[in-house]
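Structure data (PDB, C-alpha atoms and all ligand atoms) from coords28.pdb:
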```
MODEL        1
ATOM      1  CA  MET A   1      99.184 132.439  74.980
ATOM      2  CA  PRO A   2      97.982 128.850  74.795
ATOM      3  CA  VAL A   3     100.636 126.229  74.244
ATOM      4  CA  ASN A   4     100.427 123.640  71.474
ATOM      5  CA  ALA A   5      97.626 125.407  69.646
ATOM      6  CA  PRO A   6      97.516 124.595  65.930
ATOM      7  CA  ALA A   7      98.150 127.260  63.303
ATOM      8  CA  GLU A   8      94.402 127.418  62.598
ATOM      9  CA  TYR A   9      93.881 128.635  66.126
ATOM     10  CA  PHE A  10      96.024 131.708  65.539
ATOM     11  CA  LYS A  11      94.261 132.334  62.248
ATOM     12  CA  ALA A  12      90.943 132.286  64.109
ATOM     13  CA  ASP A  13      92.443 134.636  66.685
ATOM     14  CA  GLU A  14      93.390 137.066  63.903
ATOM     15  CA  LYS A  15      89.834 136.817  62.575
ATOM     16  CA  PHE A  16      88.574 137.635  66.036
ATOM     17  CA  GLN A  17      90.848 140.659  66.319
ATOM     18  CA  SER A  18      89.783 142.047  62.951
ATOM     19  CA  ALA A  19      86.102 141.105  63.223
ATOM     20  CA  LYS A  20      83.744 144.028  62.857
ATOM     21  CA  SER A  21      80.423 142.512  63.801
ATOM     22  CA  LYS A  22      79.339 140.665  66.891
ATOM     23  CA  GLU A  23      78.410 137.629  64.785
ATOM     24  CA  GLU A  24      81.879 137.440  63.256
ATOM     25  CA  LYS A  25      83.428 137.727  66.708
ATOM     26  CA  ILE A  26      81.213 134.946  68.076
ATOM     27  CA  ALA A  27      82.022 132.703  65.113
ATOM     28  CA  ALA A  28      85.747 133.327  65.513
ATOM     29  CA  LEU A  29      85.642 132.669  69.256
ATOM     30  CA  GLU A  30      83.722 129.442  68.778
ATOM     31  CA  GLU A  31      86.340 128.404  66.256
ATOM     32  CA  MET A  32      89.124 129.210  68.736
ATOM     33  CA  ILE A  33      87.449 127.211  71.490
ATOM     34  CA  ARG A  34      87.081 124.283  69.144
ATOM     35  CA  LEU A  35      90.706 124.437  67.984
ATOM     36  CA  LEU A  36      92.337 124.947  71.362
ATOM     37  CA  PRO A  37      93.700 121.617  72.633
ATOM     38  CA  LYS A  38      92.102 120.441  75.842
ATOM     39  CA  HIS A  39      94.636 119.567  78.494
ATOM     40  CA  HIS A  40      95.546 120.645  81.983
ATOM     41  CA  GLY A  41      97.772 123.511  80.822
ATOM     42  CA  SER A  42      95.063 125.064  78.657
ATOM     43  CA  GLU A  43      92.248 125.090  81.211
ATOM     44  CA  ASN A  44      92.662 128.763  81.978
ATOM     45  CA  ALA A  45      92.782 129.748  78.347
ATOM     46  CA  HIS A  46      89.603 127.744  77.724
ATOM     47  CA  ALA A  47      87.826 129.386  80.626
ATOM     48  CA  GLN A  48      88.840 132.835  79.393
ATOM     49  CA  LEU A  49      87.621 132.182  75.863
ATOM     50  CA  LYS A  50      84.331 130.807  77.119
ATOM     51  CA  ALA A  51      83.794 133.783  79.410
ATOM     52  CA  ARG A  52      84.459 136.137  76.513
ATOM     53  CA  LEU A  53      82.004 134.207  74.360
ATOM     54  CA  ALA A  54      79.306 134.253  77.033
ATOM     55  CA  LYS A  55      79.742 137.995  77.475
ATOM     56  CA  LEU A  56      79.507 138.615  73.739
ATOM     57  CA  LYS A  57      76.371 136.526  73.411
ATOM     58  CA  LYS A  58      74.724 138.395  76.265
ATOM     59  CA  GLU A  59      75.453 141.804  74.757
ATOM     60  CA  GLY A  60      72.588 143.333  72.872
ATOM     61  CA  THR A  61      73.096 144.354  69.275
ATOM     62  CA  LYS A  62      74.593 147.825  69.199
ATOM     63  CA  LYS A  63      72.274 150.673  68.417
ATOM     64  CA  GLY A  64      72.247 151.455  64.741
ATOM     65  CA  ALA A  65      73.611 148.054  63.812
ATOM     66  CA  HIS A  66      71.683 146.125  61.201
ATOM     67  CA  LYS A  67      69.126 143.683  62.386
ATOM     68  CA  VAL A  68      70.464 140.204  61.819
ATOM     69  CA  GLY A  69      68.638 137.155  60.622
ATOM     70  CA  ILE A  70      65.432 136.373  58.814
ATOM     71  CA  GLN A  71      62.472 134.979  60.708
ATOM     72  CA  LYS A  72      62.402 131.279  59.893
ATOM     73  CA  GLU A  73      59.219 129.909  58.380
ATOM     74  CA  GLY A  74      58.342 126.477  57.069
ATOM     75  CA  GLU A  75      60.271 123.305  57.834
ATOM     76  CA  ALA A  76      63.716 124.630  56.939
ATOM     77  CA  GLN A  77      65.523 127.776  55.872
ATOM     78  CA  VAL A  78      67.831 127.557  52.876
ATOM     79  CA  CYS A  79      70.213 130.347  51.871
ATOM     80  CA  LEU A  80      70.917 131.046  48.186
ATOM     81  CA  LEU A  81      74.430 132.404  47.853
ATOM     82  CA  GLY A  82      76.441 133.198  44.738
ATOM     83  CA  PHE A  83      78.235 135.853  42.753
ATOM     84  CA  THR A  84      76.250 138.655  41.233
ATOM     85  CA  ASN A  85      74.329 137.767  38.079
ATOM     86  CA  SER A  86      74.708 134.036  38.770
ATOM     87  CA  GLY A  87      70.930 133.721  38.543
ATOM     88  CA  LYS A  88      69.862 133.582  42.185
ATOM     89  CA  SER A  89      66.761 135.744  41.761
ATOM     90  CA  THR A  90      65.799 133.900  38.591
ATOM     91  CA  LEU A  91      66.047 130.598  40.459
ATOM     92  CA  LEU A  92      64.105 131.984  43.432
ATOM     93  CA  THR A  93      61.343 133.018  41.000
ATOM     94  CA  LYS A  94      61.221 129.519  39.498
ATOM     95  CA  LEU A  95      61.118 127.701  42.838
ATOM     96  CA  THR A  96      58.949 130.004  44.954
ATOM     97  CA  ASP A  97      56.192 132.586  44.960
ATOM     98  CA  ALA A  98      58.730 135.414  45.368
ATOM     99  CA  ARG A  99      59.090 137.951  42.566
ATOM    100  CA  PRO A 100      62.395 139.731  43.143
ATOM    101  CA  ALA A 101      63.850 142.142  40.582
ATOM    102  CA  ILE A 102      65.877 140.356  37.906
ATOM    103  CA  ALA A 103      68.230 142.359  35.713
ATOM    104  CA  GLU A 104      71.425 142.189  33.686
ATOM    105  CA  TYR A 105      73.201 144.814  35.746
ATOM    106  CA  PRO A 106      75.158 143.590  38.784
ATOM    107  CA  TYR A 107      73.930 143.713  42.377
ATOM    108  CA  THR A 108      70.258 143.995  41.510
ATOM    109  CA  THR A 109      69.351 142.328  44.807
ATOM    110  CA  LYS A 110      70.211 144.720  47.610
ATOM    111  CA  LYS A 111      68.458 143.099  50.543
ATOM    112  CA  PRO A 112      67.592 139.469  51.303
ATOM    113  CA  GLU A 113      64.705 138.177  49.162
ATOM    114  CA  ILE A 114      62.483 135.526  50.690
ATOM    115  CA  GLY A 115      60.240 132.915  49.067
ATOM    116  CA  MET A 116      58.461 129.701  50.021
ATOM    117  CA  MET A 117      59.190 126.533  48.094
ATOM    118  CA  ASP A 118      56.670 123.717  48.127
ATOM    119  CA  TYR A 119      57.997 120.172  48.168
ATOM    120  CA  LYS A 120      55.249 117.516  48.243
ATOM    121  CA  GLY A 121      53.206 119.874  50.394
ATOM    122  CA  VAL A 122      56.073 120.716  52.748
ATOM    123  CA  LYS A 123      57.163 124.340  52.928
ATOM    124  CA  VAL A 124      60.838 125.273  52.683
ATOM    125  CA  GLN A 125      61.937 128.879  53.004
ATOM    126  CA  LEU A 126      64.499 130.097  50.467
ATOM    127  CA  VAL A 127      66.467 133.272  51.168
ATOM    128  CA  GLU A 128      68.567 134.939  48.468
ATOM    129  CA  ILE A 129      71.286 137.078  50.004
ATOM    130  CA  PRO A 130      72.923 139.981  48.155
ATOM    131  CA  SER A 131      76.250 139.164  46.512
ATOM    132  CA  THR A 132      78.053 141.801  48.563
ATOM    133  CA  PHE A 133      78.432 139.084  51.221
ATOM    134  CA  ASN A 134      78.219 141.580  54.104
ATOM    135  CA  ALA A 135      78.699 140.054  57.540
ATOM    136  CA  GLU A 136      74.985 140.367  58.315
ATOM    137  CA  TYR A 137      74.201 138.293  55.205
ATOM    138  CA  MET A 138      76.825 135.681  55.951
ATOM    139  CA  SER A 139      75.239 135.191  59.343
ATOM    140  CA  ILE A 140      72.039 134.194  57.526
ATOM    141  CA  ALA A 141      74.074 131.518  55.751
ATOM    142  CA  ARG A 142      75.467 130.432  59.106
ATOM    143  CA  SER A 143      72.112 129.940  60.758
ATOM    144  CA  ALA A 144      70.277 128.408  57.787
ATOM    145  CA  GLU A 145      69.665 124.664  57.560
ATOM    146  CA  ALA A 146      71.482 124.534  54.209
ATOM    147  CA  VAL A 147      73.361 126.805  51.833
ATOM    148  CA  VAL A 148      72.873 126.575  48.079
ATOM    149  CA  LEU A 149      75.879 127.839  46.134
ATOM    150  CA  VAL A 150      74.517 129.197  42.851
ATOM    151  CA  ILE A 151      77.272 129.030  40.232
ATOM    152  CA  ARG A 152      77.887 129.421  36.520
ATOM    153  CA  ASN A 153      81.226 127.578  36.451
ATOM    154  CA  GLU A 154      83.754 125.603  38.497
ATOM    155  CA  HIS A 155      85.869 128.682  39.217
ATOM    156  CA  GLU A 156      82.968 130.316  41.055
ATOM    157  CA  LYS A 157      82.412 127.134  43.007
ATOM    158  CA  LYS A 158      85.991 127.149  44.289
ATOM    159  CA  GLN A 159      85.815 130.811  45.276
ATOM    160  CA  LEU A 160      82.516 130.389  47.097
ATOM    161  CA  ILE A 161      83.776 127.424  49.074
ATOM    162  CA  GLU A 162      86.718 129.609  50.176
ATOM    163  CA  LEU A 163      84.306 132.384  51.093
ATOM    164  CA  LEU A 164      82.274 130.043  53.292
ATOM    165  CA  LYS A 165      85.425 128.916  55.055
ATOM    166  CA  ASP A 166      86.667 132.453  55.631
ATOM    167  CA  SER A 167      83.289 133.506  56.998
ATOM    168  CA  PHE A 168      83.038 130.491  59.314
ATOM    169  CA  VAL A 169      79.962 129.193  57.570
ATOM    170  CA  ARG A 170      79.860 125.525  58.437
ATOM    171  CA  THR A 171      76.328 124.998  57.271
ATOM    172  CA  LYS A 172      75.814 122.047  54.975
ATOM    173  CA  SER A 173      76.183 123.322  51.422
ATOM    174  CA  ILE A 174      75.342 122.092  47.955
ATOM    175  CA  VAL A 175      76.266 123.474  44.543
ATOM    176  CA  VAL A 176      73.758 124.162  41.783
ATOM    177  CA  ASN A 177      74.243 125.540  38.300
ATOM    178  CA  PRO A 178      70.888 126.926  37.071
ATOM    179  CA  TRP A 179      72.429 127.638  33.664
ATOM    180  CA  GLU A 180      72.844 123.898  33.124
ATOM    181  CA  GLU A 181      70.422 122.207  35.516
ATOM    182  CA  ASN A 182      66.653 122.556  35.346
ATOM    183  CA  ALA A 183      64.621 123.974  38.210
ATOM    184  CA  ASN A 184      62.929 120.701  39.120
ATOM    185  CA  TYR A 185      66.242 118.911  39.415
ATOM    186  CA  ILE A 186      67.565 121.741  41.595
ATOM    187  CA  LYS A 187      64.466 121.577  43.781
ATOM    188  CA  GLU A 188      65.071 117.860  44.318
ATOM    189  CA  LYS A 189      68.736 118.517  45.156
ATOM    190  CA  ILE A 190      67.793 121.170  47.710
ATOM    191  CA  TRP A 191      65.303 118.841  49.343
ATOM    192  CA  GLN A 192      67.828 115.987  49.462
ATOM    193  CA  SER A 193      70.351 118.253  51.192
ATOM    194  CA  LEU A 194      67.971 118.792  54.110
ATOM    195  CA  GLY A 195      67.931 115.164  55.245
ATOM    196  CA  LEU A 196      64.178 115.154  55.714
ATOM    197  CA  ILE A 197      61.459 112.645  54.870
ATOM    198  CA  VAL A 198      57.800 113.369  54.223
ATOM    199  CA  VAL A 199      55.251 111.274  56.084
ATOM    200  CA  TYR A 200      51.489 111.668  55.647
ATOM    201  CA  THR A 201      48.690 111.427  58.149
ATOM    202  CA  ARG A 202      46.130 108.845  57.028
ATOM    203  CA  LYS A 203      42.940 110.807  57.537
ATOM    204  CA  THR A 204      43.762 114.288  56.371
ATOM    205  CA  GLU A 205      46.762 113.356  54.201
ATOM    206  CA  THR A 206      48.689 116.189  55.804
ATOM    207  CA  PRO A 207      52.349 116.051  54.844
ATOM    208  CA  MET A 208      54.724 116.109  57.807
ATOM    209  CA  ALA A 209      58.454 116.681  57.460
ATOM    210  CA  LEU A 210      60.717 114.734  59.814
ATOM    211  CA  PRO A 211      64.468 114.128  59.969
ATOM    212  CA  VAL A 212      65.665 110.906  58.348
ATOM    213  CA  GLY A 213      65.615 108.160  60.982
ATOM    214  CA  SER A 214      62.542 109.499  62.800
ATOM    215  CA  THR A 215      60.230 107.040  64.499
ATOM    216  CA  ILE A 216      56.485 106.757  65.009
ATOM    217  CA  LYS A 217      57.112 108.418  68.367
ATOM    218  CA  ASP A 218      58.670 111.479  66.684
ATOM    219  CA  PHE A 219      55.731 111.620  64.311
ATOM    220  CA  ALA A 220      53.216 111.370  67.158
ATOM    221  CA  ASN A 221      55.073 114.040  69.116
ATOM    222  CA  LYS A 222      54.913 116.391  66.198
ATOM    223  CA  ILE A 223      51.154 115.977  65.925
ATOM    224  CA  HIS A 224      50.332 116.204  69.595
ATOM    225  CA  LYS A 225      52.164 115.294  72.795
ATOM    226  CA  ASP A 226      49.120 113.476  74.152
ATOM    227  CA  PHE A 227      49.360 110.978  71.354
ATOM    228  CA  VAL A 228      52.523 109.454  72.781
ATOM    229  CA  GLN A 229      51.095 109.125  76.266
ATOM    230  CA  ASN A 230      47.904 107.490  75.070
ATOM    231  CA  PHE A 231      49.489 105.552  72.237
ATOM    232  CA  ARG A 232      48.224 102.049  71.568
ATOM    233  CA  PHE A 233      49.574 101.246  68.112
ATOM    234  CA  ALA A 234      50.035 102.748  64.682
ATOM    235  CA  ARG A 235      48.905 101.531  61.305
ATOM    236  CA  LEU A 236      51.315 102.186  58.535
ATOM    237  CA  TRP A 237      50.980 102.049  54.765
ATOM    238  CA  ARG A 238      54.202 101.743  52.841
ATOM    239  CA  THR A 239      54.832 101.458  49.123
ATOM    240  CA  GLU A 240      57.793  99.261  48.234
ATOM    241  CA  GLY A 241      58.402  99.157  44.520
ATOM    242  CA  SER A 242      54.982  98.413  43.079
ATOM    243  CA  LYS A 243      53.706  96.765  46.268
ATOM    244  CA  LYS A 244      51.690  98.537  48.914
ATOM    245  CA  ARG A 245      51.993  97.072  52.405
ATOM    246  CA  MET A 246      49.964  97.734  55.501
ATOM    247  CA  MET A 247      51.398  96.942  58.898
ATOM    248  CA  GLN A 248      50.998  97.565  62.574
ATOM    249  CA  ALA A 249      53.861  99.326  64.335
ATOM    250  CA  GLY A 250      55.005 100.526  67.753
ATOM    251  CA  LEU A 251      56.532 103.780  68.905
ATOM    252  CA  ASP A 252      60.117 102.831  68.058
ATOM    253  CA  TYR A 253      59.406 101.875  64.485
ATOM    254  CA  VAL A 254      61.534 103.865  62.007
ATOM    255  CA  LEU A 255      59.601 105.721  59.331
ATOM    256  CA  ARG A 256      60.476 106.071  55.677
ATOM    257  CA  ASP A 257      59.816 108.697  53.058
ATOM    258  CA  ASN A 258      56.188 108.617  51.822
ATOM    259  CA  ASP A 259      54.851 106.436  54.648
ATOM    260  CA  ILE A 260      51.200 107.003  55.579
ATOM    261  CA  VAL A 261      50.519 106.757  59.292
ATOM    262  CA  GLU A 262      47.384 106.333  61.376
ATOM    263  CA  LEU A 263      47.758 106.617  65.136
ATOM    264  CA  HIS A 264      45.520 104.678  67.499
ATOM    265  CA  ALA A 265      45.157 105.995  71.015
ATOM    266  CA  ARG A 266      43.495 104.744  74.134
TER     267      ARG A 266
HETATM  268  N1  LIG B   1      70.285 132.136  29.884
HETATM  269  C1  LIG B   1      70.121 132.257  31.187
HETATM  270  N2  LIG B   1      70.064 133.487  31.726
HETATM  271  C2  LIG B   1      69.908 133.605  33.065
HETATM  272  C3  LIG B   1      69.776 132.451  33.882
HETATM  273  N3  LIG B   1      69.637 132.862  35.157
HETATM  274  C4  LIG B   1      69.697 134.200  35.134
HETATM  275  N4  LIG B   1      69.847 134.667  33.866
HETATM  276  C5  LIG B   1      69.992 136.079  33.472
HETATM  277  O1  LIG B   1      71.126 136.617  34.155
HETATM  278  C6  LIG B   1      70.852 137.934  34.634
HETATM  279  C7  LIG B   1      71.011 137.984  36.152
HETATM  280  O2  LIG B   1      70.002 137.182  36.734
HETATM  281  P1  LIG B   1      69.521 137.365  38.239
HETATM  282  O3  LIG B   1      68.565 136.269  38.527
HETATM  283  O4  LIG B   1      69.086 138.761  38.488
HETATM  284  O5  LIG B   1      70.910 137.090  39.001
HETATM  285  P2  LIG B   1      71.261 137.326  40.559
HETATM  286  O6  LIG B   1      72.252 136.296  40.923
HETATM  287  O7  LIG B   1      70.026 137.426  41.357
HETATM  288  O8  LIG B   1      71.993 138.745  40.451
HETATM  289  P3  LIG B   1      72.112 139.962  41.523
HETATM  290  O9  LIG B   1      70.931 139.970  42.418
HETATM  291  O10 LIG B   1      72.186 141.177  40.650
HETATM  292  O11 LIG B   1      73.403 139.732  42.254
HETATM  293  C8  LIG B   1      69.440 138.288  34.163
HETATM  294  O12 LIG B   1      69.554 139.018  32.968
HETATM  295  C9  LIG B   1      68.807 136.936  33.913
HETATM  296  O13 LIG B   1      67.801 136.989  32.949
HETATM  297  C10 LIG B   1      69.821 131.160  33.278
HETATM  298  O14 LIG B   1      69.716 130.124  33.931
HETATM  299  N5  LIG B   1      69.988 131.136  31.926
HETATM  300 MG    MG B   2      69.274 138.835  42.609
ENDMDL
END
```

Would you give me this structure, written as structure tokens?
Ligand SMILES: Nc1nc2c(ncn2[C@@H]2O[C@H](COP(=O)(O)OP(=O)(O)OP(=O)(O)O)[C@@H](O)[C@H]2O)c(=O)[nH]1
Ligand SMILES: [Mg+2]
Amino acid sequence: MPVNAPAEYFKADEKFQSAKSKEEKIAALEEMIRLLPKHHGSENAHAQLKARLAKLKKEGTKKGAHKVGIQKEGEAQVCLLGFTNSGKSTLLTKLTDARPAIAEYPYTTKKPEIGMMDYKGVKVQLVEIPSTFNAEYMSIARSAEAVVLVIRNEHEKKQLIELLKDSFVRTKSIVVNPWEENANYIKEKIWQSLGLIVVYTRKTETPMALPVGSTIKDFANKIHKDFVQNFRFARLWRTEGSKKRMMQAGLDYVLRDNDIVELHAR
């Protein structure tokens, strides 16, 4: 029994004991490792937890267990999560090419529904998970780049935030209310939550998604590794207010949303 562990540690331990799926166990163990104080007296306990975690991760999924996870496509995977009838499928239909069943009766969606959202030419994968919140679905929320809580009122918001906590979902989450907010506004909110910028190649005007703070080097790397090695300079077109500026930039130059870039190589 580790000394000086906070109450949260024992809560995580209880979660571990009662966990049914491998994913829940892994999440609980990771939580325990994080919460266990690091000092000389707890070294053994740390080692034990880590060994248990490594063993769990190595284990294959048990036969007959549900397959976990949805193959990621596009620049990011976003999980739509909310109570039944909150309008998840309706929203998915408005934002993507998916056409899931929409109905007044509860629990219409019985398996994850997947659709591709287009944002300025960049593809973002949206996954609606069934409102039964089974462990296998919560693990989708855990591994997604963002979680969108689809709500009809503040009460639902509070309950969903609790649910995320209890299921160890630490993914960045945002709250949307499709009954009050229009689809375009929600699309913008989802995009903003991802922390990405869109940069265009000069010649083909191909949109490229990059994390905020990315440099010309990151951009070049994403196009082709050789570009960095043979890099001479980049030309960059940037719109600031109503002014369009053209400049020359090096590898370390930080890009901004909507920049147009032309790479010059040796
Ligand atoms: N007025 C209004 N009705 C909506 C809205 N969104 C969904 N609905 C209706 O609410 C019902 C449930 O919508 P769904 O999109 O199926 O909800 P869901 O969250 O996917 O529900 P389940 O998959 O069954 O858990 C349907 O009858 C929809 O037509 C909305 O924004 N406004
Ligand atoms: Mg649905």

* To do: For the structure provided, state which residues fall under the PyMOL selection byres (((chain A and resi 160) around 9) and not hetatm), and present them as a list in words.
  => Leu81, Gly82, Phe83, Leu149, Ile151, His155, Glu156, Lys157, Lys158, Gln159, Ile161, Glu162, Leu163, Leu164 and Lys165 of chain A

Take the residues that were just selected and, keeping C-alpha atoms, output them as a PDB file, in the coordinates of the input.
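Output below, filename part-v4.pdb:
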```pdb
ATOM      1  CA  LEU A  81      74.430 132.404  47.853  1.00  0.00           C
ATOM      2  CA  GLY A  82      76.441 133.198  44.738  1.00  0.00           C
ATOM      3  CA  PHE A  83      78.235 135.853  42.753  1.00  0.00           C
ATOM      4  CA  LEU A 149      75.879 127.839  46.134  1.00  0.00           C
ATOM      5  CA  ILE A 151      77.272 129.030  40.232  1.00  0.00           C
ATOM      6  CA  HIS A 155      85.869 128.682  39.217  1.00  0.00           C
ATOM      7  CA  GLU A 156      82.968 130.316  41.055  1.00  0.00           C
ATOM      8  CA  LYS A 157      82.412 127.134  43.007  1.00  0.00           C
ATOM      9  CA  LYS A 158      85.991 127.149  44.289  1.00  0.00           C
ATOM     10  CA  GLN A 159      85.815 130.811  45.276  1.00  0.00           C
ATOM     11  CA  ILE A 161      83.776 127.424  49.074  1.00  0.00           C
ATOM     12  CA  GLU A 162      86.718 129.609  50.176  1.00  0.00           C
ATOM     13  CA  LEU A 163      84.306 132.384  51.093  1.00  0.00           C
ATOM     14  CA  LEU A 164      82.274 130.043  53.292  1.00  0.00           C
ATOM     15  CA  LYS A 165      85.425 128.916  55.055  1.00  0.00           C
TER      16      LYS A 165
END
```

* Between atom CA of A:Arg142 and atom CA of A:Thr171, what is the spacing in Å? -> 5.8 Å

Within 7 Å of ligand MG 2 (chain B), which residues of chain A show up? Give each one with its shortest atom-to-atom distance in Å (one decimal) and the two atoms involved, counting all atoms listed in the file, rows by chain then rising residue number, as CSV.
```
residue,atom,partner,partner_atom,distance
A:Asn85,CA,B:MG2,MG,6.9
A:Gly87,CA,B:MG2,MG,6.7
A:Lys88,CA,B:MG2,MG,5.3
A:Ser89,CA,B:MG2,MG,4.1
A:Pro100,CA,B:MG2,MG,7.0
A:Ala101,CA,B:MG2,MG,6.7
A:Ile102,CA,B:MG2,MG,6.0
A:Tyr107,CA,B:MG2,MG,6.7
A:Thr108,CA,B:MG2,MG,5.4
A:Thr109,CA,B:MG2,MG,4.1
A:Pro130,CA,B:MG2,MG,6.7
```

* A:Leu80, A:Ile260, A:Leu196, A:Ala234 ranked by distance to ligand LIG 1 (chain B), top pick (using only C-alpha atoms and all ligand atoms) ->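 Among A:Leu80, A:Ile260, A:Leu196, A:Ala234, it is A:Leu80 that comes nearest to ligand LIG 1 (chain B).
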
* Asked: Could you spell out the hits of the PyMOL selection byres (((chain A and resi 232) around 12) and not hetatm) on the shown file, as a ChimeraX atom specification?
  -> /A:216-217,220,226-231,233-235,248-251,262-266

* To do: Would you kindly translate the PyMOL selection byres (((chain A and resi 29) around 10) and not hetatm) into the concrete residues it picks from this file, as an MDAnalysis selection string?
  => chainID A and resid 9 12:13 15:17 23:28 30:35 49:50 52:53 56

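Straight-line separation from atom CA of A:Glu181 to atom CA of A:Tyr105: 22.8 Å.
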
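Closest approach to ligand LIG 1 (chain B) among A:Gln77, A:Gln192, A:Ser167, A:Ser86 is made by A:Ser86 (distances from only C-alpha atoms and all ligand atoms).
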
* To do: Please provide the set of residues having any atom within 9 Å of A:Met138, restricted to all atoms listed in the file, with same-chain residues fewer than 2 positions apart removed, written as a list in words.
  =>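 Those residues are Ile129, Phe133, Asn134, Ala135, Glu136, Ile140, Ala141, Arg142, Ser143, Leu164, Ser167, Phe168 and Val169 of chain A.
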
Okay, now the selection with C-alpha atoms, as a short mmCIF file (atom, residue, chain, number, x, y, z; two decimals), in the coordinates of the input?
```cif
data_model
loop_
_atom_site.label_atom_id
_atom_site.label_comp_id
_atom_site.auth_asym_id
_atom_site.auth_seq_id
_atom_site.Cartn_x
_atom_site.Cartn_y
_atom_site.Cartn_z
CA ILE A 129 71.29 137.08 50.00
CA PHE A 133 78.43 139.08 51.22
CA ASN A 134 78.22 141.58 54.10
CA ALA A 135 78.70 140.05 57.54
CA GLU A 136 74.98 140.37 58.32
CA ILE A 140 72.04 134.19 57.53
CA ALA A 141 74.07 131.52 55.75
CA ARG A 142 75.47 130.43 59.11
CA SER A 143 72.11 129.94 60.76
CA LEU A 164 82.27 130.04 53.29
CA SER A 167 83.29 133.51 57.00
CA PHE A 168 83.04 130.49 59.31
CA VAL A 169 79.96 129.19 57.57
#
```

* Asked: In terms of the shortest atom-to-atom distance over only C-alpha atoms and all ligand atoms, which of A:Thr215, A:Ser42, A:Asn221, A:Asn177 is closest to ligand LIG 1 (chain B)?
  ->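 Ranked by minimum distance to ligand LIG 1 (chain B), first place goes to A:Asn177.
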
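Separating atom CA of A:Ser21 from atom CA of A:Val147 is a distance of 21.0 Å.
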
Nearby residues, (72.1, 142.3, 53.3) file frame, 6 Å, only C-alpha atoms, as a PDB file with C-alpha atoms, in the frame of the given file:
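Output below, filename result-v4.pdb:
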```pdb
ATOM      1  CA  LYS A 111      68.458 143.099  50.543  1.00  0.00           C
ATOM      2  CA  PRO A 112      67.592 139.469  51.303  1.00  0.00           C
ATOM      3  CA  PRO A 130      72.923 139.981  48.155  1.00  0.00           C
ATOM      4  CA  TYR A 137      74.201 138.293  55.205  1.00  0.00           C
TER       5      TYR A 137
END
```

* Nearest to A:Lys172 by atom-to-atom distance, counting only C-alpha atoms, from A:Cys79, A:Val212, A:Ile197, A:Ala5 ->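 Using only C-alpha atoms, the shortest distance to A:Lys172 belongs to A:Cys79.
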
* Show which residues sit within 9 Å of A:Gly121, as a PyMOL selection string. Count only C-alpha atoms, and ignore same-chain residues fewer than 4 positions away. => chain A and resi 198+206-208
